[in-house]
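Have a look at structure07.cif below; it lists mmCIF, C-alpha atoms.
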data_entry
loop_
_atom_site.label_atom_id
_atom_site.label_comp_id
_atom_site.auth_asym_id
_atom_site.auth_seq_id
_atom_site.Cartn_x
_atom_site.Cartn_y
_atom_site.Cartn_z
CA ARG A 41 0.00 0.00 0.00
CA LEU A 42 1.11 3.55 -0.67
CA ARG A 43 2.13 5.43 2.45
CA SER A 44 0.68 8.66 1.09
CA THR A 45 -2.85 7.41 0.39
CA GLY A 46 -3.10 3.84 1.68
CA GLU A 47 -4.08 2.70 -1.80
CA ALA A 48 -3.34 -0.92 -2.72
CA VAL A 49 -0.80 -1.26 -5.52
CA ALA A 50 0.78 -4.08 -7.50
CA ILE A 51 4.56 -4.06 -7.78
CA LYS A 52 6.41 -5.85 -10.56
CA ILE A 53 9.96 -6.66 -9.47
CA GLN A 54 12.73 -7.81 -11.76
CA ARG A 55 14.34 -11.11 -10.85
CA PRO A 56 17.77 -10.72 -9.22
CA LYS A 57 20.75 -10.83 -11.63
CA LEU A 58 18.40 -11.11 -14.63
CA ARG A 59 20.33 -8.65 -16.80
CA GLU A 60 23.61 -10.39 -15.95
CA ILE A 61 22.07 -13.73 -16.97
CA TYR A 62 20.90 -12.20 -20.26
CA ASP A 63 24.36 -10.75 -20.91
CA LYS A 64 26.01 -14.16 -20.58
CA ASP A 65 23.40 -16.36 -22.25
CA LEU A 66 22.68 -14.09 -25.21
CA VAL A 67 26.37 -13.76 -26.13
CA PHE A 68 26.62 -17.55 -26.19
CA LEU A 69 23.43 -17.96 -28.23
CA LYS A 70 24.58 -15.37 -30.78
CA LYS A 71 27.73 -17.42 -31.36
CA ILE A 72 25.55 -20.46 -32.03
CA ALA A 73 23.45 -18.44 -34.50
CA LYS A 74 26.59 -17.41 -36.41
CA VAL A 75 27.75 -21.02 -36.62
CA VAL A 76 24.34 -22.20 -37.84
CA ASP A 77 24.29 -19.44 -40.47
CA SER A 78 27.62 -20.68 -41.79
CA PHE A 79 25.89 -23.94 -42.72
CA GLY A 80 22.87 -22.27 -44.33
CA LYS A 81 20.48 -19.39 -43.87
CA ALA A 82 17.12 -19.67 -42.14
CA GLY A 83 15.38 -19.76 -45.50
CA GLN A 84 13.00 -17.63 -47.50
CA VAL A 85 10.19 -15.81 -45.68
CA GLY A 86 7.88 -13.95 -48.04
CA GLY A 87 10.58 -13.97 -50.68
CA VAL A 88 13.13 -12.34 -48.38
CA GLU A 89 16.16 -14.29 -47.19
CA GLN A 90 16.38 -14.56 -43.41
CA SER A 91 19.47 -15.36 -41.35
CA TRP A 92 19.53 -16.81 -37.85
CA VAL A 93 21.73 -13.92 -36.71
CA ASP A 94 19.19 -11.36 -37.95
CA ILE A 95 16.35 -13.24 -36.25
CA PHE A 96 18.36 -13.47 -33.03
CA ASP A 97 19.27 -9.77 -33.11
CA ASP A 98 15.59 -8.84 -33.29
CA ALA A 99 14.76 -11.19 -30.40
CA GLU A 100 17.67 -9.82 -28.34
CA THR A 101 16.43 -6.24 -28.75
CA ILE A 102 12.93 -7.23 -27.63
CA LEU A 103 14.21 -9.20 -24.62
CA TYR A 104 16.36 -6.37 -23.28
CA ARG A 105 13.59 -3.84 -23.83
CA GLU A 106 11.15 -6.02 -21.91
CA ILE A 107 13.27 -6.08 -18.74
CA ASP A 108 13.60 -2.29 -18.59
CA TYR A 109 10.48 -1.36 -16.66
CA ARG A 110 10.91 2.31 -17.54
CA ASP A 111 9.97 1.38 -21.11
CA GLU A 112 7.01 -0.64 -19.87
CA ALA A 113 5.85 2.28 -17.71
CA GLU A 114 5.95 4.61 -20.74
CA ASN A 115 4.03 2.06 -22.82
CA ALA A 116 1.38 1.58 -20.13
CA ILE A 117 0.92 5.33 -19.68
CA ARG A 118 0.58 5.91 -23.41
CA PHE A 119 -1.96 3.08 -23.73
CA ALA A 120 -4.07 4.53 -20.89
CA ASN A 121 -3.87 8.07 -22.30
CA ASP A 122 -4.80 6.89 -25.81
CA PHE A 123 -8.01 5.41 -24.40
CA GLY A 124 -8.70 8.11 -21.82
CA ILE A 125 -8.43 5.86 -18.74
CA GLY A 126 -7.25 7.35 -15.45
CA LEU A 127 -6.73 6.26 -11.86
CA GLY A 128 -9.57 4.08 -10.61
CA GLY A 129 -10.69 3.45 -14.17
CA GLU A 130 -12.16 6.94 -14.37
CA ALA A 131 -12.59 8.67 -17.71
CA VAL A 132 -10.00 11.33 -18.59
CA ASP A 133 -9.21 13.28 -21.74
CA VAL A 134 -8.17 11.12 -24.70
CA THR A 135 -4.88 11.91 -26.43
CA ALA A 136 -5.73 10.05 -29.66
CA CYS A 137 -7.96 11.39 -32.44
CA SER A 138 -10.20 9.61 -34.94
CA VAL A 139 -9.22 8.99 -38.57
CA GLU A 140 -11.06 12.24 -39.38
CA GLY A 141 -9.02 14.09 -36.75
CA LYS A 142 -11.87 14.41 -34.24
CA LYS A 143 -11.33 13.94 -30.52
CA LEU A 144 -12.45 10.50 -29.35
CA SER A 145 -14.48 9.79 -26.25
CA SER A 146 -12.96 7.91 -23.33
CA ALA A 147 -13.15 4.11 -23.43
CA ALA A 148 -13.32 3.87 -19.63
CA GLU A 149 -16.89 2.57 -19.75
CA TRP A 150 -15.82 -0.65 -21.47
CA LEU A 151 -12.04 -0.86 -21.02
CA ARG A 152 -9.71 -0.79 -18.01
CA THR A 153 -5.96 -0.78 -17.48
CA PRO A 154 -4.03 -0.21 -14.24
CA TYR A 155 -2.78 3.31 -13.54
CA THR A 156 1.03 3.45 -13.58
CA TYR A 157 2.94 5.39 -10.92
CA GLU A 158 5.82 6.56 -13.08
CA ASP A 159 7.46 8.55 -10.27
CA LEU A 160 7.67 5.41 -8.10
CA SER A 161 8.90 3.11 -10.89
CA SER A 162 12.43 2.41 -12.10
CA GLU A 163 14.34 0.04 -14.38
CA LYS A 164 13.73 -2.85 -11.96
CA PHE A 165 10.50 -1.85 -10.23
CA LEU A 166 7.10 -1.09 -11.76
CA VAL A 167 4.40 0.26 -9.44
CA MET A 168 0.82 0.03 -10.69
CA GLU A 169 -2.70 0.40 -9.41
CA TYR A 170 -4.02 -2.93 -8.11
CA VAL A 171 -6.83 -4.00 -10.46
CA PRO A 172 -8.19 -7.49 -9.70
CA SER A 173 -10.08 -9.33 -12.44
CA ILE A 174 -10.97 -12.77 -13.74
CA LYS A 175 -8.64 -14.28 -16.32
CA VAL A 176 -10.41 -14.00 -19.66
CA SER A 177 -10.07 -17.74 -20.35
CA ASN A 178 -11.29 -18.91 -16.92
CA ASN A 179 -14.81 -19.93 -17.90
CA ALA A 180 -15.59 -21.50 -14.52
CA LYS A 181 -14.94 -18.27 -12.61
CA LEU A 182 -16.71 -16.20 -15.26
CA ASP A 183 -19.76 -18.45 -14.86
CA GLU A 184 -19.53 -18.14 -11.08
CA ALA A 185 -19.42 -14.35 -11.41
CA GLY A 186 -22.62 -14.41 -13.47
CA ILE A 187 -21.04 -13.43 -16.80
CA THR A 188 -23.71 -14.29 -19.36
CA VAL A 189 -23.44 -15.18 -23.04
CA GLU A 190 -24.52 -11.64 -23.86
CA ASP A 191 -21.78 -10.31 -21.57
CA ARG A 192 -19.19 -12.45 -23.33
CA GLU A 193 -20.29 -11.21 -26.74
CA TYR A 194 -20.05 -7.67 -25.42
CA LEU A 195 -16.53 -8.32 -24.06
CA ALA A 196 -15.47 -9.91 -27.35
CA GLU A 197 -16.65 -6.82 -29.22
CA ALA A 198 -14.89 -4.59 -26.68
CA LEU A 199 -11.63 -6.49 -27.25
CA ALA A 200 -12.02 -6.26 -31.03
CA HIS A 201 -12.78 -2.53 -30.86
CA ALA A 202 -9.83 -2.00 -28.51
CA TYR A 203 -7.46 -3.47 -31.08
CA LEU A 204 -9.09 -1.65 -33.98
CA ARG A 205 -8.50 1.61 -32.14
CA GLN A 206 -4.93 0.60 -31.34
CA PHE A 207 -4.15 -0.37 -34.95
CA CYS A 208 -6.05 2.25 -36.91
CA VAL A 209 -6.29 5.30 -34.65
CA ASN A 210 -3.83 5.20 -31.74
CA LYS A 211 -1.07 3.75 -33.96
CA PHE A 212 0.29 2.04 -30.87
CA PHE A 213 -0.63 -1.43 -29.67
CA SER A 214 0.11 -4.16 -27.16
CA THR A 215 1.86 -7.00 -28.98
CA ASP A 216 1.34 -9.66 -26.29
CA PRO A 217 -2.42 -10.25 -25.91
CA HIS A 218 -2.40 -13.75 -24.43
CA PRO A 219 -5.02 -14.74 -21.78
CA GLY A 220 -2.59 -14.03 -18.93
CA ASN A 221 -2.59 -10.35 -19.93
CA LEU A 222 -6.36 -10.00 -20.36
CA GLY A 223 -8.93 -9.98 -17.60
CA VAL A 224 -12.60 -9.29 -16.96
CA GLU A 225 -13.51 -6.75 -14.30
CA VAL A 226 -16.86 -7.58 -12.69
CA PHE A 227 -19.03 -5.15 -10.72
CA ASP A 228 -21.63 -5.66 -7.98
CA ASP A 229 -23.98 -3.07 -9.46
CA ASP A 230 -25.73 -3.04 -12.85
CA ARG A 231 -22.64 -1.94 -14.82
CA ALA A 232 -21.46 -4.15 -17.65
CA PRO A 233 -18.15 -5.97 -17.14
CA ARG A 234 -15.00 -4.36 -18.49
CA MET A 235 -12.11 -5.83 -20.45
CA VAL A 236 -8.81 -5.28 -18.61
CA PHE A 237 -5.41 -5.00 -20.32
CA TYR A 238 -2.24 -5.81 -18.35
CA ASP A 239 1.49 -5.93 -19.13
CA PHE A 240 2.95 -3.54 -21.70
CA GLY A 241 6.48 -4.88 -21.78
CA GLN A 242 5.95 -5.56 -25.47
CA ALA A 243 4.31 -2.82 -27.52
CA CYS A 244 4.78 -1.34 -30.97
CA SER A 245 4.15 1.92 -32.80
CA LEU A 246 2.77 2.16 -36.33
CA SER A 247 3.35 4.67 -39.10
CA ASP A 248 0.42 6.49 -40.70
CA ASP A 249 0.63 4.25 -43.78
CA GLN A 250 0.75 1.08 -41.69
CA ALA A 251 -2.30 2.13 -39.66
CA GLY A 252 -4.19 3.27 -42.75
CA GLY A 253 -3.24 0.09 -44.58
CA ILE A 254 -4.57 -2.10 -41.77
CA LEU A 255 -7.93 -0.33 -41.94
CA GLU A 256 -8.01 -0.73 -45.72
CA VAL A 257 -7.16 -4.44 -45.42
CA ILE A 258 -10.06 -4.96 -43.03
CA GLU A 259 -12.46 -3.09 -45.31
CA SER A 260 -11.23 -4.98 -48.38
CA ILE A 261 -11.77 -8.33 -46.62
CA ILE A 262 -15.31 -7.32 -45.67
CA ASP A 263 -15.97 -6.43 -49.33
CA SER A 264 -13.94 -9.39 -50.71
CA ASP A 265 -12.06 -6.86 -52.83
CA ALA A 266 -8.76 -8.49 -53.79
CA LYS A 267 -7.49 -5.50 -55.75
CA ARG A 268 -7.99 -3.18 -52.80
CA SER A 269 -6.31 -5.72 -50.51
CA VAL A 270 -3.16 -5.61 -52.61
CA LYS A 271 -3.15 -1.81 -52.63
CA ALA A 272 -3.39 -1.92 -48.84
CA PHE A 273 -0.46 -4.37 -48.65
CA VAL A 274 1.62 -2.00 -50.77
CA ARG A 275 0.72 0.95 -48.56
CA MET A 276 1.68 -1.00 -45.44
CA GLY A 277 5.01 -1.99 -46.96
CA VAL A 278 4.59 -5.70 -46.23
CA LEU A 279 5.38 -6.94 -49.74
CA LYS A 280 8.92 -7.57 -50.94
CA ASP A 281 10.44 -5.29 -53.55
CA ASN A 282 9.39 -6.09 -57.13
CA ALA A 283 6.68 -8.46 -55.92
CA ASP A 284 4.34 -9.76 -58.64
CA LEU A 285 1.20 -7.88 -57.62
CA LYS A 286 -0.97 -9.77 -60.11
CA LYS A 287 -0.05 -13.07 -58.45
CA VAL A 288 -0.71 -11.64 -55.00
CA GLN A 289 -4.09 -10.35 -56.13
CA ALA A 290 -4.94 -13.70 -57.74
CA LYS A 291 -4.12 -15.49 -54.48
CA CYS A 292 -6.27 -13.07 -52.50
CA GLN A 293 -9.13 -13.56 -54.94
CA GLN A 294 -8.75 -17.33 -54.68
CA ASN A 295 -8.98 -17.11 -50.89
CA TYR A 296 -12.13 -15.01 -51.14
CA ASP A 297 -13.70 -17.29 -53.73
CA GLU A 298 -12.94 -20.45 -51.75
CA GLY A 299 -14.17 -18.96 -48.51
CA LYS A 300 -10.82 -19.10 -46.72
CA LEU A 301 -11.44 -15.54 -45.52
CA LYS A 302 -14.94 -14.88 -44.32
CA VAL A 303 -16.54 -12.04 -42.42
CA LYS A 304 -19.72 -12.67 -40.51
CA LYS A 305 -21.88 -9.60 -40.99
CA ARG A 306 -24.63 -8.94 -38.49
CA LYS A 307 -26.76 -6.07 -37.32
CA LYS A 308 -26.01 -4.24 -34.12
CA ARG A 309 -28.13 -5.32 -31.18
CA GLY A 310 -30.64 -2.92 -29.75
CA SER A 311 -29.12 -3.05 -26.28
CA TRP A 312 -27.13 0.01 -25.17
CA ARG A 313 -24.15 -2.27 -24.81
CA TYR A 314 -23.93 -2.77 -28.54
CA THR A 315 -24.30 0.76 -29.81
CA THR A 316 -21.46 1.94 -32.00
CA GLY A 317 -21.13 5.10 -29.94
CA LEU A 318 -20.07 3.03 -26.95
CA PHE A 319 -16.78 2.25 -28.64
CA PHE A 320 -16.08 5.18 -30.98
#
Could the structure of this file be written out as structure tokens, please?
Amino acid sequence: RLRSTGEAVAIKIQRPKLREIYDKDLVFLKKIAKVVDSFGKAGQVGGVEQSWVDIFDDAETILYREIDYRDEAENAIRFANDFGIGLGGEAVDVTACSVEGKKLSSAAEWLRTPYTYEDLSSEKFLVMEYVPSIKVSNNAKLDEAGITVEDREYLAEALAHAYLRQFCVNKFFSTDPHPGNLGVEVFDDDRAPRMVFYDFGQACSLSDDQAGGILEVIESIIDSDAKRSVKAFVRMGVLKDNADLKKVQAKCQQNYDEGKLKVKKRKKRGSWRYTTGLFF
């Protein structure tokens, strides 16, 4: 608990000697990667040759970044500000704007993330608001808490909308959304449950073209528009140089024709929980 307010907090503490362990082990593993590369590269991925050393270098950067809790604190604060979520899950001003440049409303009604005490955190300590919840994959406890099928559909839509906002509007997203980092906050009153995001040790920023391209990809899938899909891929920069765009488009069209990519379209429910305004 904080001495100043008595508020309960959660403290993430780095394991002793963790950086020293990384320093030793990663040097050894990099040597192994160099030896393996001398016998043959990792192969072709999307037409681009990959080496084990390159793959390892990327992993090494991510691992070191994840054990510096100052980075995680910055990520957590940006995530909360982008969605307009303050201490206690209260709504605050949103820092992100819509695609049209309009100020978005706070997501605090349907989304929660712990407040981060940046002034109390350091490289090895991360101090956060204590936010208990039910693990998103724990069906038994969700049933016990009275989470209905309608509630689960609402939470699923909240999670989808949270990532759409991260990808297409905030241009900053959590890259580690496994069940251990997602919870369901349940209330004793009539409020709907909230999706809770934890752990921002891994996060990524997007360029304007990447964010815009993701939105165009989604829209092109909904419309089964292969040509537009390819244009979106080009805008995102995910195709190799001199890629045969006709072949890519043909493959997309084949997937649409064979039903490998489907979008289930349905009308919004009449309940207040399902109104578009709730999310955007």
Two-atom distance - CA of Phe273 (chain A), CA of Lys211 (chain A) (Å): 16.8 Å
Report as an mmCIF file with C-alpha atoms, in the coordinates of the input all protein, DNA and RNA residues lying within 7 Å of Thr215 (chain A), evaluated on only C-alpha atoms, omitting residues in the same chain fewer than 5 positions from it.
data_model
loop_
_atom_site.group_PDB
_atom_site.id
_atom_site.type_symbol
_atom_site.label_atom_id
_atom_site.label_comp_id
_atom_site.auth_asym_id
_atom_site.auth_seq_id
_atom_site.Cartn_x
_atom_site.Cartn_y
_atom_site.Cartn_z
ATOM 1 C CA GLN A 242 5.950 -5.560 -25.470
ATOM 2 C CA ALA A 243 4.310 -2.820 -27.520
ATOM 3 C CA CYS A 244 4.780 -1.340 -30.970
#
Enumerate, as a PDB file with C-alpha atoms, in the coordinates of the input, the residues matched when the PyMOL selection byres ((chain A and resi 137) around 12) is run on the file above.
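Writing done, so here's result35.pdb:
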ATOM      1  CA  ASN A 121      -3.870   8.070 -22.300  1.00  0.00           C
ATOM      2  CA  ASP A 122      -4.800   6.890 -25.810  1.00  0.00           C
ATOM      3  CA  PHE A 123      -8.010   5.410 -24.400  1.00  0.00           C
ATOM      4  CA  GLY A 124      -8.700   8.110 -21.820  1.00  0.00           C
ATOM      5  CA  ASP A 133      -9.210  13.280 -21.740  1.00  0.00           C
ATOM      6  CA  VAL A 134      -8.170  11.120 -24.700  1.00  0.00           C
ATOM      7  CA  THR A 135      -4.880  11.910 -26.430  1.00  0.00           C
ATOM      8  CA  ALA A 136      -5.730  10.050 -29.660  1.00  0.00           C
ATOM      9  CA  SER A 138     -10.200   9.610 -34.940  1.00  0.00           C
ATOM     10  CA  VAL A 139      -9.220   8.990 -38.570  1.00  0.00           C
ATOM     11  CA  GLU A 140     -11.060  12.240 -39.380  1.00  0.00           C
ATOM     12  CA  GLY A 141      -9.020  14.090 -36.750  1.00  0.00           C
ATOM     13  CA  LYS A 142     -11.870  14.410 -34.240  1.00  0.00           C
ATOM     14  CA  LYS A 143     -11.330  13.940 -30.520  1.00  0.00           C
ATOM     15  CA  LEU A 144     -12.450  10.500 -29.350  1.00  0.00           C
ATOM     16  CA  SER A 145     -14.480   9.790 -26.250  1.00  0.00           C
ATOM     17  CA  SER A 146     -12.960   7.910 -23.330  1.00  0.00           C
ATOM     18  CA  ARG A 205      -8.500   1.610 -32.140  1.00  0.00           C
ATOM     19  CA  GLN A 206      -4.930   0.600 -31.340  1.00  0.00           C
ATOM     20  CA  CYS A 208      -6.050   2.250 -36.910  1.00  0.00           C
ATOM     21  CA  VAL A 209      -6.290   5.300 -34.650  1.00  0.00           C
ATOM     22  CA  ASN A 210      -3.830   5.200 -31.740  1.00  0.00           C
ATOM     23  CA  LYS A 211      -1.070   3.750 -33.960  1.00  0.00           C
ATOM     24  CA  PHE A 320     -16.080   5.180 -30.980  1.00  0.00           C
TER      25      PHE A 320
END
Identify all residues satisfying the PyMOL selection byres ((chain A and resi 287-302) around 9) in the given file; provide them as an mmCIF file with C-alpha atoms, in the coordinates of the input.
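What ended up in expr.cif:
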data_model
loop_
_atom_site.group_PDB
_atom_site.id
_atom_site.type_symbol
_atom_site.label_atom_id
_atom_site.label_comp_id
_atom_site.auth_asym_id
_atom_site.auth_seq_id
_atom_site.Cartn_x
_atom_site.Cartn_y
_atom_site.Cartn_z
ATOM 1 C CA ILE A 261 -11.770 -8.330 -46.620
ATOM 2 C CA ILE A 262 -15.310 -7.320 -45.670
ATOM 3 C CA SER A 264 -13.940 -9.390 -50.710
ATOM 4 C CA ASP A 265 -12.060 -6.860 -52.830
ATOM 5 C CA ALA A 266 -8.760 -8.490 -53.790
ATOM 6 C CA LYS A 267 -7.490 -5.500 -55.750
ATOM 7 C CA ARG A 268 -7.990 -3.180 -52.800
ATOM 8 C CA SER A 269 -6.310 -5.720 -50.510
ATOM 9 C CA VAL A 270 -3.160 -5.610 -52.610
ATOM 10 C CA ALA A 283 6.680 -8.460 -55.920
ATOM 11 C CA ASP A 284 4.340 -9.760 -58.640
ATOM 12 C CA LEU A 285 1.200 -7.880 -57.620
ATOM 13 C CA LYS A 286 -0.970 -9.770 -60.110
ATOM 14 C CA VAL A 303 -16.540 -12.040 -42.420
ATOM 15 C CA LYS A 304 -19.720 -12.670 -40.510
#
Residues within 9 Å of region 61-69 of chain A, only C-alpha atoms, excluding chain neighbours under 2 positions, as a PyMOL selection string: chain A and resi 57-59+71-74+96+100+103-104
